[in-house]
Every structure is written in structure tokens, then in C-alpha cells.
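As provided, coords07.cif (mmCIF, C-alpha atoms) reads as follows.
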```cif
data_my_file
loop_
_atom_site.group_PDB
_atom_site.id
_atom_site.type_symbol
_atom_site.label_atom_id
_atom_site.label_comp_id
_atom_site.auth_asym_id
_atom_site.auth_seq_id
_atom_site.Cartn_x
_atom_site.Cartn_y
_atom_site.Cartn_z
ATOM 1 C CA MET A 1319 76.914 35.682 131.162
ATOM 2 C CA SER A 1320 78.207 32.951 128.841
ATOM 3 C CA ILE A 1321 79.784 33.827 125.492
ATOM 4 C CA LEU A 1322 77.496 32.702 122.694
ATOM 5 C CA PRO A 1323 78.929 30.620 119.855
ATOM 6 C CA LYS A 1324 78.410 32.021 116.366
ATOM 7 C CA PRO A 1325 75.336 30.148 115.100
ATOM 8 C CA THR A 1326 74.482 29.280 111.501
ATOM 9 C CA LEU A 1327 73.397 32.503 109.807
ATOM 10 C CA LEU A 1328 69.614 32.184 109.620
ATOM 11 C CA ASN A 1329 67.057 34.332 107.845
ATOM 12 C CA VAL A 1330 64.481 35.530 110.385
ATOM 13 C CA VAL A 1331 61.249 37.311 109.503
ATOM 14 C CA ILE A 1332 59.474 39.179 112.303
ATOM 15 C CA VAL A 1333 55.746 39.664 111.773
ATOM 16 C CA SER A 1334 54.432 42.666 113.685
ATOM 17 C CA PRO A 1335 50.789 43.802 113.404
ATOM 18 C CA ALA A 1336 52.017 47.320 114.200
ATOM 19 C CA LEU A 1337 54.838 49.083 112.403
ATOM 20 C CA ALA A 1338 56.774 52.235 113.252
ATOM 21 C CA ALA A 1339 53.871 54.665 112.853
ATOM 22 C CA ALA A 1340 51.977 52.963 115.694
ATOM 23 C CA ASN A 1341 54.794 53.547 118.218
ATOM 24 C CA ASN A 1342 53.312 50.875 120.502
ATOM 25 C CA GLY A 1343 54.541 47.830 122.384
ATOM 26 C CA ASN A 1344 54.420 45.450 119.406
ATOM 27 C CA TRP A 1345 56.548 47.773 117.309
ATOM 28 C CA GLN A 1346 59.050 48.362 120.110
ATOM 29 C CA THR A 1347 59.377 44.593 120.573
ATOM 30 C CA ALA A 1348 59.805 43.945 116.843
ATOM 31 C CA GLN A 1349 62.411 46.672 116.479
ATOM 32 C CA ARG A 1350 64.356 45.491 119.520
ATOM 33 C CA TYR A 1351 64.275 41.822 118.453
ATOM 34 C CA ALA A 1352 65.644 42.806 115.049
ATOM 35 C CA ARG A 1353 68.459 44.823 116.598
ATOM 36 C CA LEU A 1354 69.441 42.049 119.025
ATOM 37 C CA LEU A 1355 69.335 39.285 116.401
ATOM 38 C CA ARG A 1356 71.153 41.093 113.570
ATOM 39 C CA ALA A 1357 74.569 40.210 114.990
ATOM 40 C CA PHE A 1358 73.728 36.548 114.338
ATOM 41 C CA CYS A 1359 70.921 36.481 111.731
ATOM 42 C CA ARG A 1360 69.557 38.253 108.692
ATOM 43 C CA VAL A 1361 66.396 39.942 109.936
ATOM 44 C CA ARG A 1362 63.494 41.838 108.416
ATOM 45 C CA ILE A 1363 60.207 43.134 109.855
ATOM 46 C CA VAL A 1364 56.917 42.850 107.975
ATOM 47 C CA GLN A 1365 53.288 43.455 108.821
ATOM 48 C CA ARG A 1366 52.215 40.324 106.955
ATOM 49 C CA TRP A 1367 54.418 37.512 105.672
ATOM 50 C CA ASP A 1368 54.999 37.574 101.918
ATOM 51 C CA GLY A 1369 55.801 33.864 101.601
ATOM 52 C CA SER A 1370 59.505 34.325 100.908
ATOM 53 C CA GLU A 1371 61.244 30.976 100.384
ATOM 54 C CA SER A 1372 64.457 32.316 101.911
ATOM 55 C CA ASP A 1373 63.035 32.697 105.438
ATOM 56 C CA ASP A 1374 64.175 30.060 107.942
ATOM 57 C CA VAL A 1375 62.388 31.270 111.076
ATOM 58 C CA MET A 1376 59.284 33.343 111.718
ATOM 59 C CA ILE A 1377 58.763 35.311 114.925
ATOM 60 C CA ALA A 1378 55.092 36.280 114.952
ATOM 61 C CA LEU A 1379 54.000 38.885 117.460
ATOM 62 C CA HIS A 1380 50.378 38.312 118.524
ATOM 63 C CA ALA A 1381 48.640 34.946 118.112
ATOM 64 C CA ARG A 1382 45.376 36.399 116.812
ATOM 65 C CA ARG A 1383 46.416 39.431 114.793
ATOM 66 C CA SER A 1384 49.263 37.586 113.041
ATOM 67 C CA TYR A 1385 47.125 34.488 112.406
ATOM 68 C CA GLU A 1386 47.154 34.732 108.582
ATOM 69 C CA SER A 1387 50.957 34.843 108.469
ATOM 70 C CA ILE A 1388 51.183 31.997 110.994
ATOM 71 C CA ALA A 1389 48.745 29.876 108.945
ATOM 72 C CA GLN A 1390 50.653 30.546 105.719
ATOM 73 C CA TRP A 1391 53.950 29.598 107.368
ATOM 74 C CA HIS A 1392 52.462 26.375 108.759
ATOM 75 C CA VAL A 1393 51.275 25.341 105.284
ATOM 76 C CA ARG A 1394 54.824 25.764 103.940
ATOM 77 C CA HIS A 1395 56.950 24.605 106.874
ATOM 78 C CA GLY A 1396 54.777 22.978 109.532
ATOM 79 C CA THR A 1397 55.854 23.894 113.048
ATOM 80 C CA ARG A 1398 59.549 24.172 112.183
ATOM 81 C CA GLY A 1399 60.911 27.656 112.859
ATOM 82 C CA LEU A 1400 57.543 29.020 113.981
ATOM 83 C CA ILE A 1401 57.796 31.193 117.107
ATOM 84 C CA VAL A 1402 54.684 32.960 118.413
ATOM 85 C CA VAL A 1403 55.126 35.750 120.959
ATOM 86 C CA LEU A 1404 52.034 36.148 123.149
ATOM 87 C CA THR A 1405 50.920 39.669 124.006
ATOM 88 C CA GLY A 1406 48.711 40.750 126.886
ATOM 89 C CA THR A 1407 45.499 40.588 124.858
ATOM 90 C CA ASP A 1408 46.576 37.139 123.627
ATOM 91 C CA LEU A 1409 47.265 35.769 127.086
ATOM 92 C CA TYR A 1410 44.450 37.293 129.055
ATOM 93 C CA ARG A 1411 41.695 37.426 126.439
ATOM 94 C CA ASP A 1412 42.091 35.976 122.946
ATOM 95 C CA ILE A 1413 43.454 32.495 123.645
ATOM 96 C CA GLN A 1414 40.526 31.904 125.979
ATOM 97 C CA SER A 1415 37.912 32.210 123.233
ATOM 98 C CA ASP A 1416 39.244 33.154 119.782
ATOM 99 C CA PRO A 1417 39.570 30.118 117.440
ATOM 100 C CA GLN A 1418 42.358 31.669 115.371
ATOM 101 C CA ALA A 1419 44.450 32.552 118.423
ATOM 102 C CA GLN A 1420 43.938 29.009 119.743
ATOM 103 C CA GLN A 1421 45.013 27.538 116.404
ATOM 104 C CA SER A 1422 48.172 29.646 116.477
ATOM 105 C CA LEU A 1423 49.058 27.998 119.791
ATOM 106 C CA ARG A 1424 48.720 24.538 118.230
ATOM 107 C CA TRP A 1425 50.847 25.342 115.189
ATOM 108 C CA ALA A 1426 53.708 27.108 116.993
ATOM 109 C CA HIS A 1427 56.978 25.313 117.629
ATOM 110 C CA THR A 1428 57.652 27.693 120.528
ATOM 111 C CA LEU A 1429 55.427 30.069 122.453
ATOM 112 C CA VAL A 1430 57.122 33.064 124.082
ATOM 113 C CA VAL A 1431 55.732 34.998 127.044
ATOM 114 C CA LEU A 1432 57.303 38.215 128.266
ATOM 115 C CA GLN A 1433 57.138 37.811 132.044
ATOM 116 C CA SER A 1434 57.210 34.955 134.530
ATOM 117 C CA GLU A 1435 53.458 34.809 135.226
ATOM 118 C CA GLY A 1436 52.656 34.425 131.542
ATOM 119 C CA VAL A 1437 53.246 30.664 131.433
ATOM 120 C CA GLN A 1438 50.355 30.056 133.834
ATOM 121 C CA ALA A 1439 47.952 31.844 131.457
ATOM 122 C CA VAL A 1440 48.770 29.434 128.619
ATOM 123 C CA PRO A 1441 46.573 26.294 128.440
ATOM 124 C CA GLU A 1442 48.294 23.448 130.264
ATOM 125 C CA SER A 1443 48.654 21.346 127.102
ATOM 126 C CA PHE A 1444 50.904 24.040 125.570
ATOM 127 C CA GLN A 1445 52.964 25.014 128.616
ATOM 128 C CA ALA A 1446 55.761 22.552 127.788
ATOM 129 C CA LYS A 1447 56.596 24.543 124.645
ATOM 130 C CA THR A 1448 56.247 27.922 126.348
ATOM 131 C CA VAL A 1449 59.330 29.880 127.384
ATOM 132 C CA VAL A 1450 59.832 33.156 129.242
ATOM 133 C CA ALA A 1451 61.920 35.855 127.546
ATOM 134 C CA PHE A 1452 61.991 39.076 129.540
ATOM 135 C CA GLN A 1453 62.213 42.148 127.352
ATOM 136 C CA SER A 1454 65.145 44.503 127.738
ATOM 137 C CA THR A 1455 66.042 48.151 127.573
ATOM 138 C CA THR A 1456 69.043 50.389 128.007
ATOM 139 C CA THR A 1457 69.959 51.723 131.429
ATOM 140 C CA ARG A 1458 69.690 55.460 132.006
ATOM 141 C CA GLN A 1459 71.144 57.659 134.673
ATOM 142 C CA THR A 1460 69.003 58.073 137.774
ATOM 143 C CA LEU A 1461 68.272 61.787 137.976
ATOM 144 C CA ARG A 1462 67.948 63.782 141.176
ATOM 145 C CA LYS A 1463 64.352 64.814 141.793
ATOM 146 C CA THR A 1464 63.021 67.957 143.404
ATOM 147 C CA PRO A 1465 61.693 67.538 146.953
ATOM 148 C CA ARG A 1466 59.066 70.246 146.349
ATOM 149 C CA TYR A 1467 56.535 67.888 144.790
ATOM 150 C CA LEU A 1468 55.959 64.316 143.593
ATOM 151 C CA ARG A 1469 55.681 63.951 139.823
ATOM 152 C CA ALA A 1470 53.814 60.785 138.779
ATOM 153 C CA ILE A 1471 53.649 59.847 135.108
ATOM 154 C CA MET A 1472 51.370 57.414 133.314
ATOM 155 C CA VAL A 1473 52.480 56.192 129.889
ATOM 156 C CA GLY A 1474 49.687 54.461 128.004
ATOM 157 C CA HIS A 1475 47.554 55.105 124.963
ATOM 158 C CA LEU A 1476 43.913 55.928 125.634
ATOM 159 C CA ARG A 1477 42.584 52.383 125.390
ATOM 160 C CA PRO A 1478 40.361 50.512 127.882
ATOM 161 C CA GLU A 1479 43.106 47.923 128.547
ATOM 162 C CA LYS A 1480 45.353 50.655 129.925
ATOM 163 C CA SER A 1481 42.652 51.796 132.379
ATOM 164 C CA PRO A 1482 43.228 55.552 132.017
ATOM 165 C CA ARG A 1483 39.957 56.171 133.886
ATOM 166 C CA THR A 1484 41.694 54.996 137.056
ATOM 167 C CA PHE A 1485 44.342 57.679 136.554
ATOM 168 C CA PHE A 1486 41.719 60.354 135.774
ATOM 169 C CA GLN A 1487 39.789 59.490 138.936
ATOM 170 C CA ALA A 1488 42.929 59.498 141.065
ATOM 171 C CA ALA A 1489 43.754 62.965 139.704
ATOM 172 C CA ARG A 1490 40.365 64.202 140.888
ATOM 173 C CA GLN A 1491 40.883 62.686 144.336
ATOM 174 C CA LEU A 1492 44.284 64.379 144.561
ATOM 175 C CA ALA A 1493 43.126 67.735 143.150
ATOM 176 C CA SER A 1494 43.605 69.496 146.490
ATOM 177 C CA HIS A 1495 47.198 68.243 146.796
ATOM 178 C CA GLY A 1496 49.242 70.736 144.823
ATOM 179 C CA ASP A 1497 52.447 68.896 145.681
ATOM 180 C CA ILE A 1498 51.428 65.824 143.649
ATOM 181 C CA GLN A 1499 51.592 66.367 139.881
ATOM 182 C CA LEU A 1500 50.228 63.854 137.379
ATOM 183 C CA GLN A 1501 51.419 63.662 133.770
ATOM 184 C CA HIS A 1502 49.935 61.416 131.101
ATOM 185 C CA VAL A 1503 51.565 60.399 127.809
ATOM 186 C CA GLY A 1504 49.497 58.519 125.235
ATOM 187 C CA GLY A 1505 47.766 58.654 121.908
ATOM 188 C CA GLU A 1506 44.060 59.448 121.632
ATOM 189 C CA HIS A 1507 42.985 56.007 120.403
ATOM 190 C CA ASP A 1508 39.526 56.019 122.000
ATOM 191 C CA PRO A 1509 37.417 59.168 121.420
ATOM 192 C CA GLU A 1510 35.461 58.832 124.668
ATOM 193 C CA LEU A 1511 38.603 58.380 126.736
ATOM 194 C CA ALA A 1512 40.252 61.269 124.878
ATOM 195 C CA GLN A 1513 37.345 63.513 125.809
ATOM 196 C CA LEU A 1514 37.693 62.442 129.445
ATOM 197 C CA ALA A 1515 41.430 63.150 129.382
ATOM 198 C CA HIS A 1516 40.924 66.694 128.134
ATOM 199 C CA GLN A 1517 38.056 67.238 130.563
ATOM 200 C CA THR A 1518 40.194 66.042 133.483
ATOM 201 C CA ALA A 1519 43.014 68.360 132.401
ATOM 202 C CA ALA A 1520 40.596 71.300 132.244
ATOM 203 C CA GLU A 1521 39.101 70.621 135.676
ATOM 204 C CA CYS A 1522 42.139 69.322 137.619
ATOM 205 C CA PRO A 1523 45.198 71.587 137.653
ATOM 206 C CA ASN A 1524 47.354 68.737 138.976
ATOM 207 C CA TYR A 1525 46.730 66.583 135.823
ATOM 208 C CA VAL A 1526 48.411 67.322 132.478
ATOM 209 C CA PHE A 1527 47.605 65.335 129.328
ATOM 210 C CA LEU A 1528 50.653 65.419 127.061
ATOM 211 C CA GLY A 1529 49.256 63.298 124.234
ATOM 212 C CA ALA A 1530 51.404 61.043 122.065
ATOM 213 C CA ARG A 1531 55.169 61.536 122.232
ATOM 214 C CA SER A 1532 58.086 59.846 120.525
ATOM 215 C CA HIS A 1533 59.723 56.919 122.274
ATOM 216 C CA GLU A 1534 62.823 58.971 123.087
ATOM 217 C CA ALA A 1535 60.800 61.898 124.433
ATOM 218 C CA THR A 1536 58.730 59.504 126.529
ATOM 219 C CA ARG A 1537 61.824 57.916 128.024
ATOM 220 C CA ARG A 1538 63.114 61.347 129.025
ATOM 221 C CA LEU A 1539 59.790 62.181 130.674
ATOM 222 C CA ILE A 1540 59.887 58.898 132.616
ATOM 223 C CA GLN A 1541 63.480 59.603 133.649
ATOM 224 C CA ARG A 1542 62.486 62.985 135.109
ATOM 225 C CA ALA A 1543 59.456 61.650 137.015
ATOM 226 C CA HIS A 1544 59.504 60.499 140.626
ATOM 227 C CA VAL A 1545 57.299 57.475 139.894
ATOM 228 C CA LEU A 1546 55.635 55.673 136.989
ATOM 229 C CA VAL A 1547 51.956 54.775 137.412
ATOM 230 C CA HIS A 1548 50.842 51.707 135.467
ATOM 231 C CA PRO A 1549 47.134 51.024 136.084
ATOM 232 C CA SER A 1550 46.441 48.549 133.233
ATOM 233 C CA VAL A 1551 43.824 45.824 133.478
ATOM 234 C CA MET A 1552 45.592 43.646 130.896
ATOM 235 C CA GLU A 1553 49.326 43.404 130.107
ATOM 236 C CA GLY A 1554 51.647 40.817 128.648
ATOM 237 C CA GLY A 1555 54.752 42.573 129.975
ATOM 238 C CA ALA A 1556 54.784 46.344 129.694
ATOM 239 C CA HIS A 1557 57.761 48.134 128.132
ATOM 240 C CA VAL A 1558 57.230 51.205 130.275
ATOM 241 C CA VAL A 1559 57.640 49.216 133.486
ATOM 242 C CA MET A 1560 61.135 48.027 132.579
ATOM 243 C CA GLU A 1561 62.009 51.434 131.106
ATOM 244 C CA ALA A 1562 61.146 53.087 134.406
ATOM 245 C CA ILE A 1563 63.037 50.494 136.440
ATOM 246 C CA CYS A 1564 66.124 50.878 134.246
ATOM 247 C CA SER A 1565 65.953 54.664 134.660
ATOM 248 C CA GLY A 1566 65.942 54.487 138.461
ATOM 249 C CA VAL A 1567 62.236 55.354 138.654
ATOM 250 C CA PRO A 1568 60.014 53.190 140.889
ATOM 251 C CA VAL A 1569 56.644 51.896 139.713
ATOM 252 C CA VAL A 1570 53.142 51.935 141.181
ATOM 253 C CA ALA A 1571 51.079 49.309 139.377
ATOM 254 C CA SER A 1572 47.776 47.485 139.345
ATOM 255 C CA ARG A 1573 47.981 43.984 140.782
ATOM 256 C CA ILE A 1574 47.458 41.968 137.621
ATOM 257 C CA PRO A 1575 49.498 38.920 136.536
ATOM 258 C CA GLY A 1576 51.370 40.841 133.830
ATOM 259 C CA ASN A 1577 52.609 43.380 136.364
ATOM 260 C CA GLU A 1578 53.362 40.784 139.032
ATOM 261 C CA GLY A 1579 55.481 38.898 136.518
ATOM 262 C CA MET A 1580 57.531 42.044 135.903
ATOM 263 C CA LEU A 1581 57.793 43.331 139.471
ATOM 264 C CA GLY A 1582 57.509 40.188 141.647
ATOM 265 C CA HIS A 1583 54.705 38.988 143.914
ATOM 266 C CA ASP A 1584 56.085 40.716 146.997
ATOM 267 C CA TYR A 1585 56.428 44.152 145.400
ATOM 268 C CA ALA A 1586 55.138 46.839 147.775
ATOM 269 C CA GLY A 1587 53.875 49.234 145.096
ATOM 270 C CA PHE A 1588 50.773 47.390 143.914
ATOM 271 C CA PHE A 1589 47.203 48.627 144.245
ATOM 272 C CA PRO A 1590 43.928 46.798 143.450
ATOM 273 C CA THR A 1591 42.968 46.960 139.779
ATOM 274 C CA GLU A 1592 40.734 49.929 138.825
ATOM 275 C CA ASP A 1593 40.791 51.221 142.420
ATOM 276 C CA ALA A 1594 41.470 54.935 142.013
ATOM 277 C CA ALA A 1595 41.167 55.628 145.747
ATOM 278 C CA ALA A 1596 43.853 53.039 146.487
ATOM 279 C CA LEU A 1597 46.098 54.528 143.794
ATOM 280 C CA ALA A 1598 45.660 57.990 145.285
ATOM 281 C CA GLU A 1599 46.557 56.640 148.736
ATOM 282 C CA VAL A 1600 49.758 55.021 147.417
ATOM 283 C CA LEU A 1601 50.811 58.293 145.780
ATOM 284 C CA LEU A 1602 50.080 60.211 148.983
ATOM 285 C CA ARG A 1603 52.167 57.710 150.938
ATOM 286 C CA LEU A 1604 55.043 58.090 148.482
ATOM 287 C CA ARG A 1605 54.896 61.857 148.952
ATOM 288 C CA ARG A 1606 54.807 61.667 152.737
ATOM 289 C CA ASP A 1607 56.944 58.615 153.546
ATOM 290 C CA ALA A 1608 60.531 58.719 152.310
ATOM 291 C CA SER A 1609 61.186 55.198 153.588
ATOM 292 C CA PHE A 1610 58.350 53.819 151.431
ATOM 293 C CA TYR A 1611 59.785 55.542 148.377
ATOM 294 C CA ALA A 1612 63.210 54.097 149.204
ATOM 295 C CA GLN A 1613 61.683 50.620 149.572
ATOM 296 C CA LEU A 1614 60.185 50.753 146.077
ATOM 297 C CA MET A 1615 63.462 52.066 144.662
ATOM 298 C CA ALA A 1616 65.358 49.162 146.238
ATOM 299 C CA GLN A 1617 62.868 46.550 145.054
ATOM 300 C CA CYS A 1618 62.968 47.897 141.497
ATOM 301 C CA ALA A 1619 66.772 47.922 141.514
ATOM 302 C CA LEU A 1620 66.747 44.201 142.317
ATOM 303 C CA ARG A 1621 64.579 43.526 139.248
ATOM 304 C CA ALA A 1622 66.696 45.610 136.851
ATOM 305 C CA PRO A 1623 69.125 42.783 135.855
ATOM 306 C CA LEU A 1624 66.173 40.841 134.402
ATOM 307 C CA PHE A 1625 65.876 43.507 131.699
ATOM 308 C CA ALA A 1626 69.510 43.558 130.505
ATOM 309 C CA PRO A 1627 69.887 43.513 126.685
ATOM 310 C CA ALA A 1628 72.615 40.845 126.761
ATOM 311 C CA ARG A 1629 70.311 38.548 128.709
ATOM 312 C CA GLU A 1630 67.450 38.991 126.241
ATOM 313 C CA GLN A 1631 69.787 38.590 123.258
ATOM 314 C CA GLU A 1632 71.134 35.277 124.520
ATOM 315 C CA ARG A 1633 67.607 34.021 125.200
ATOM 316 C CA LEU A 1634 66.352 35.041 121.745
ATOM 317 C CA ILE A 1635 69.229 33.420 119.889
ATOM 318 C CA THR A 1636 68.681 30.170 121.772
ATOM 319 C CA ILE A 1637 64.947 30.223 120.969
ATOM 320 C CA VAL A 1638 65.589 30.924 117.282
ATOM 321 C CA GLN A 1639 68.203 28.189 116.944
ATOM 322 C CA GLN A 1640 66.127 25.579 118.746
ATOM 323 C CA SER A 1641 63.003 26.338 116.732
ATOM 324 C CA PHE A 1642 64.911 25.783 113.487
ATOM 325 C CA LEU A 1643 67.021 22.782 114.481
ATOM 326 C CA SER A 1644 64.508 20.667 116.410
#
```
When written as C-alpha cells, how does the structure in this file appear?
Amino acid sequence: MSILPKPTLLNVVIVSPALAAANNGNWQTAQRYARLLRAFCRVRIVQRWDGSESDDVMIALHARRSYESIAQWHVRHGTRGLIVVLTGTDLYRDIQSDPQAQQSLRWAHTLVVLQSEGVQAVPESFQAKTVVAFQSTTTRQTLRKTPRYLRAIMVGHLRPEKSPRTFFQAARQLASHGDIQLQHVGGEHDPELAQLAHQTAAECPNYVFLGARSHEATRRLIQRAHVLVHPSVMEGGAHVVMEAICSGVPVVASRIPGNEGMLGHDYAGFFPTEDAAALAEVLLRLRRDASFYAQLMAQCALRAPLFAPAREQERLITIVQQSFLS
């Protein structure tokens, strides 16, 4: 890793549609960006830009939801210093049809995607100004796991994009397998899905719905699990995937571009999107086949260096400097 020169001290404003109370991916990204940039910049996080004349660079999370701040910045500064970070709903939904999200793409100096497949989802005319910046997390000790059962954890709020129904259905298919335990962490954002979660917990003794937990508590739960299950139908680059990998916990994930960009095309732990039977089969194989579990562990270990904080910090500083100077 090269040693970064001390850049000109810039004032950076991070616009995040979600703040600390939401405890979601946008907030985790905003908080981490601020921490990584503060060694080189003055940084603040806002939900909506206040028009401060002292700001040199804006990092806007979400092309559609941060549109008003992006538009206000463009009126004052044009494209200079305007960085737009594209989320999963941006990449795989909003920029296809939403006029405001599309306008944000035009105005941005730099577009940032969070995994290697993200560039291909950006319209071709904007790919030249699109860069990949893998997110990062701290490494945690790999804990020894009991051989008496397989504990699989899903971390995802109850939202359709996270496909919790796939996890509920897999729990029902595995109900007769007492040696496979399923835990679920997530806030009750959708009332219908919340009802299904509680119903599944009442009817399937192998499924436990833990509800919303703090980020630290969630990381400890991931660390103690044998495997993370990530069944989303739409992701820009999930925090929980890298947090599992950097805790020595392998991942079983839906085969969508956002997960392939995090785990690699040849990863052996994918299952077809929204296919609960296939997910159940993968978990059964992990329980029965130690060599398969070891394969996923080894593949995840090879991806771990992508999520190193120093790597993300260097990438972010370069992006910030270039957006302001060019």
C-alpha cells in the first residue's frame, strides 16, 4: 500500500438520506466515510445540504433520495466536487426510470459504485466517470463453532428488497432438521413481512426472529454464526457480506450482480434468487459436507483484502481530490 501525501485540507459534506437512528447501510457508509476522511479533510454529515459556502466537495449517497441536495450543489458549483454514490436501489431500479436519479448521473463529476459489477449497471454514457470503491470493515477474530449444529444468520430489515420470504420459506423446509438453526436480525419495516416473521417463529422452532439490533450486537451475532445467509433481490454492495467475510464467516447468497461483485463470479455459495428450496439445499450441504464449508471459507478469505480500511481510505481520498481539482 502506498503512503498517501497530505492533500490540501478540504471541507467535505456527506449527504445521507438516513442518519444514525436508521442504522442502515446508508448511515453505516456515511459514518465510515467520515471516519476515513477526517485524517485529511474536515467532514460533516447532513441529511440535506444547507448550502454552506465553505464546502468544497459533496459526497451524496443515493442518486434519487439525495436529488435536492445534488441539484442545489450543481446550481452553485456545477459538476466540480460533486460525487454521487450509487446504492442498490439506484443501480438496479431508479436510474432505469426515475428522472431525478437520471439527472443526478448527468450532474455528477464522479459516480461511485460499491462492487465490481456495479459499473455495468450504469448507462454506458456515464461509465467513463464511474469508479469502484469497495467498502471496508474491521477484521474480527474467527471464532470456533460448535459441531453440534449449523447456525445460519440473516441480517436484513424486513423489506421486499432483502427477500426475507426466501429465508422464511427455507426455515419451513428445514423445520425437521433440528441441527440447522436460523436466526434473523432486522427491523420491522414492512408490517406484512413482520407478521410473517413472527408467524414463522411461532410455527418453526428452528427459526428465531431477533428484531432490530445495534450494529455492534449484530456484528457479534454474525461472528458467532457458522454462515451468513444473504438472499436479497437487489443490492449495491451489502455491508453484512463484508462484515461476515472479515469475521471468518462464509456467506450463502442469492446470485444477483451486487452479490457477485462482492464475492466473485466463481463463488460456490450462490443460490438462484428467491429459490428457498435451493437455499435449504445449500444449508443442508454445509451441515453435511465439511469440505464444502471449507471451500467457502477459503474463497471468502481470498476476498477479505478487498475490504481493508486502508484500501478504501486511499481510494476515497483520491476520488475526493480528483473531483475538486479537475
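Considering all atoms listed in the file, the residue among A:Phe1625, A:Tyr1410, A:Tyr1585, A:Phe1486 positioned nearest to A:Val1437 is A:Tyr1410.
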### Query
Around (57.4, 67.3, 148.8) in the file's frame, which residues reach within 8 Å when counting all atoms listed in the file? Return as a list in words?
Thr1464, Pro1465, Arg1466, Tyr1467, Leu1468, Asp1497, Arg1605 and Arg1606 of chain A
Quick one: apply the PyMOL selection byres ((chain A and resi 1435) around 7) to the file and drop the selected residues here as a JSON list (two decimals) with C-alpha atoms, keeping the file's coordinate frame.
```json
[["chain", "number", "residue", "atom", "x", "y", "z"],
["A", 1433, "GLN", "CA", 57.14, 37.81, 132.04],
["A", 1434, "SER", "CA", 57.21, 34.96, 134.53],
["A", 1436, "GLY", "CA", 52.66, 34.42, 131.54],
["A", 1437, "VAL", "CA", 53.25, 30.66, 131.43],
["A", 1438, "GLN", "CA", 50.36, 30.06, 133.83],
["A", 1575, "PRO", "CA", 49.50, 38.92, 136.54],
["A", 1576, "GLY", "CA", 51.37, 40.84, 133.83],
["A", 1579, "GLY", "CA", 55.48, 38.90, 136.52]]
```
### Task
Name the closest residue to A:Gly1555 among the candidates A:Ser1532, A:Ser1334, A:Thr1407, A:Thr1456; distances are taken between atoms, counting only C-alpha atoms.
A:Thr1407
### Task
Would you write out, as a PyMOL selection string, every residue that the PyMOL selection byres ((chain A and resi 1489) around 9) captures in this file?
chain A and resi 1484-1488+1490-1493+1499-1500+1518+1522-1525+1594+1598
### Query
For A:Met1615, which of A:Arg1360, A:His1544, A:Arg1573, A:Arg1633 is the closest residue, counting all atoms listed in the file?
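Closest candidate: A:His1544.
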